[in-house]
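One structure is given here, and the rest of the page talks about it.
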Amino acid sequence: MQILIVCTGNTCRSPLAEVLLRHRLAAHPTLASSVVISAGTGAWGGTPASEGSYLVALERGLDLSAHRATPLTPELVRQADLILTMGRSHAAAVMAMGGREKVHTLVDFAGRPGDLPADVADPIGGDVAAYRHTADVIDRLLSLTVARLEREAAT
């Protein structure tokens, strides 16, 4: 399975989600062979991960040093089996590229926990605490996402 994670610039939220999801999937034999990539609806190709995302990933033992932003393209949409977006505007962009049947916001796919807003907030321009909070929210949603993927793989 190929999972595509989408945000705006592909420097903050989606790279964090990409490495966090890879880490979580590696612990699940039925999902460990999944490929996880990320892209941005407004990404400048080749831009490194933001400093905040890089530092928060390091704190969690994950490495974003090789990450380079990738613009969202119809080809990436076509290749993905599942597309998870950080927000509704990103989902709309994916739908415009033909991905309607495989796109979900991360919050919706995770079961829309009642205490979270519909979109994952963008920490860009915030301090490291904002990035930590965003990573915590994403990781919580990914925990629920992996549980759902495992249930679906078992059926």
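We name chains A, B, ... following the order of the structure tokens; residues begin at 1 in each chain, and ligands are numbered from 1 as shown.
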- Near stretch 96-98 of chain A, counting only C-alpha atoms, which residues have an atom at most 7 Å away, once you skip same-chain residues fewer than 4 positions from it, shown as an MDAnalysis selection string? chainID A and resid 74 77 92
Q.
Can you tell me, as a PyMOL selection string, which residues in stretch 17-149 of chain A count as strand (DSSP E) by DSSP?
A. chain A and resi 35-40+82-85+103-105
Of A:Met95, A:Ala110, A:Leu144, A:Val36, the one nearest to A:His23 when counting only C-alpha atoms is A:Val36
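Minimum distance to A:Ser65 across A:Thr30, A:Thr47, A:Ser38, A:Ser89 (counting only C-alpha atoms) occurs at A:Thr47.
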Choose the residue, out of A:Leu149, A:Ala93, A:Cys12, A:Ala135, that has the smallest atom-to-atom separation from A:Thr73; count only C-alpha atoms.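 Closest residue, counting only C-alpha atoms: A:Ala93.
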Have a look at atom CA of A:Leu106 and atom CA of A:Ala66 and let me know their distance in Å, one decimal.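 Separating atom CA of A:Leu106 from atom CA of A:Ala66 is a distance of 23.9 Å.
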Original post:
What separation in Å, quoted to one decimal, exists between atom CA of A:Ser53 and atom CA of A:Tyr131?
Top reply: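 Calculated distance between atom CA of A:Ser53 and atom CA of A:Tyr131 is 6.3 Å.
Using only C-alpha atoms, the nearest neighbour of A:Gly9 within the list A:Val128, A:Ala43, A:Ala118, A:Ala26 is A:Ala43.
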| message | Just want the 9 Å neighbourhood of stretch 119-122 of chain A, counted on only C-alpha atoms, with same-chain residues fewer than 6 positions away dropped. Output as a count of residues only. | response | 16
task = as a PyMOL selection string, please: all residues of chain A that backbone DSSP puts in alpha helix (DSSP H).
result = chain A and resi 13-26+51-59+74-79+88-96+106-109+128-154
Close residues, A:Val6 itself excluded, 8 Å, only C-alpha atoms, min 2 positions apart in chain, as an NGL selection string: :A and (4 or 8 or 10 or 14 or 38-41 or 72 or 83-86 or 90)
Put those residues in a file: N, CA and C atoms, as a PDB file, in the first residue's frame.
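Everything below was put into selection_38.pdb:
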ATOM      1  N   LEU A   4      -0.040   8.546   0.854  1.00  0.00           N
ATOM      2  CA  LEU A   4       0.430   9.894   0.579  1.00  0.00           C
ATOM      3  C   LEU A   4      -0.153  10.826   1.632  1.00  0.00           C
ATOM      4  N   THR A   8       0.349  21.858   3.161  1.00  0.00           N
ATOM      5  CA  THR A   8       0.536  22.984   2.250  1.00  0.00           C
ATOM      6  C   THR A   8       1.949  23.026   1.676  1.00  0.00           C
ATOM      7  N   ASN A  10       4.701  21.155   2.660  1.00  0.00           N
ATOM      8  CA  ASN A  10       5.464  19.914   2.798  1.00  0.00           C
ATOM      9  C   ASN A  10       6.790  20.143   3.514  1.00  0.00           C
ATOM     10  N   SER A  14       3.225  17.543   7.131  1.00  0.00           N
ATOM     11  CA  SER A  14       3.275  16.279   6.392  1.00  0.00           C
ATOM     12  C   SER A  14       4.607  15.541   6.532  1.00  0.00           C
ATOM     13  N   SER A  38       5.142  12.063   1.293  1.00  0.00           N
ATOM     14  CA  SER A  38       4.387  13.277   1.565  1.00  0.00           C
ATOM     15  C   SER A  38       4.599  14.290   0.457  1.00  0.00           C
ATOM     16  N   ALA A  39       3.664  15.232   0.379  1.00  0.00           N
ATOM     17  CA  ALA A  39       3.728  16.280  -0.636  1.00  0.00           C
ATOM     18  C   ALA A  39       2.939  17.489  -0.125  1.00  0.00           C
ATOM     19  N   GLY A  40       3.080  18.591  -0.839  1.00  0.00           N
ATOM     20  CA  GLY A  40       2.397  19.809  -0.446  1.00  0.00           C
ATOM     21  C   GLY A  40       1.670  20.466  -1.594  1.00  0.00           C
ATOM     22  N   THR A  41       0.496  21.015  -1.301  1.00  0.00           N
ATOM     23  CA  THR A  41      -0.305  21.677  -2.327  1.00  0.00           C
ATOM     24  C   THR A  41       0.353  22.966  -2.818  1.00  0.00           C
ATOM     25  N   LEU A  72       2.574  18.526  -4.753  1.00  0.00           N
ATOM     26  CA  LEU A  72       1.521  17.567  -5.066  1.00  0.00           C
ATOM     27  C   LEU A  72       1.256  17.596  -6.569  1.00  0.00           C
ATOM     28  N   ILE A  83      -4.819   8.602   0.625  1.00  0.00           N
ATOM     29  CA  ILE A  83      -4.273   9.945   0.757  1.00  0.00           C
ATOM     30  C   ILE A  83      -4.875  10.576   2.002  1.00  0.00           C
ATOM     31  N   LEU A  84      -4.000  10.988   2.917  1.00  0.00           N
ATOM     32  CA  LEU A  84      -4.416  11.616   4.168  1.00  0.00           C
ATOM     33  C   LEU A  84      -3.941  13.061   4.152  1.00  0.00           C
ATOM     34  N   THR A  85      -4.858  13.982   4.405  1.00  0.00           N
ATOM     35  CA  THR A  85      -4.513  15.397   4.352  1.00  0.00           C
ATOM     36  C   THR A  85      -4.615  16.024   5.736  1.00  0.00           C
ATOM     37  N   MET A  86      -3.870  17.092   5.910  1.00  0.00           N
ATOM     38  CA  MET A  86      -3.901  17.818   7.175  1.00  0.00           C
ATOM     39  C   MET A  86      -5.132  18.702   7.298  1.00  0.00           C
ATOM     40  N   HIS A  90      -6.663  20.901   1.630  1.00  0.00           N
ATOM     41  CA  HIS A  90      -5.749  19.954   0.983  1.00  0.00           C
ATOM     42  C   HIS A  90      -6.539  18.815   0.333  1.00  0.00           C
TER      43      HIS A  90
END
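Between atom CA of A:Arg60 and atom CA of A:Val19 the interatomic distance comes to 10.1 Å.
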Residue contacts of A:Asp81 (7 Å, only C-alpha atoms) excluding same-chain residues fewer than 6 positions away, as a PyMOL selection string: chain A and resi 1-3+102
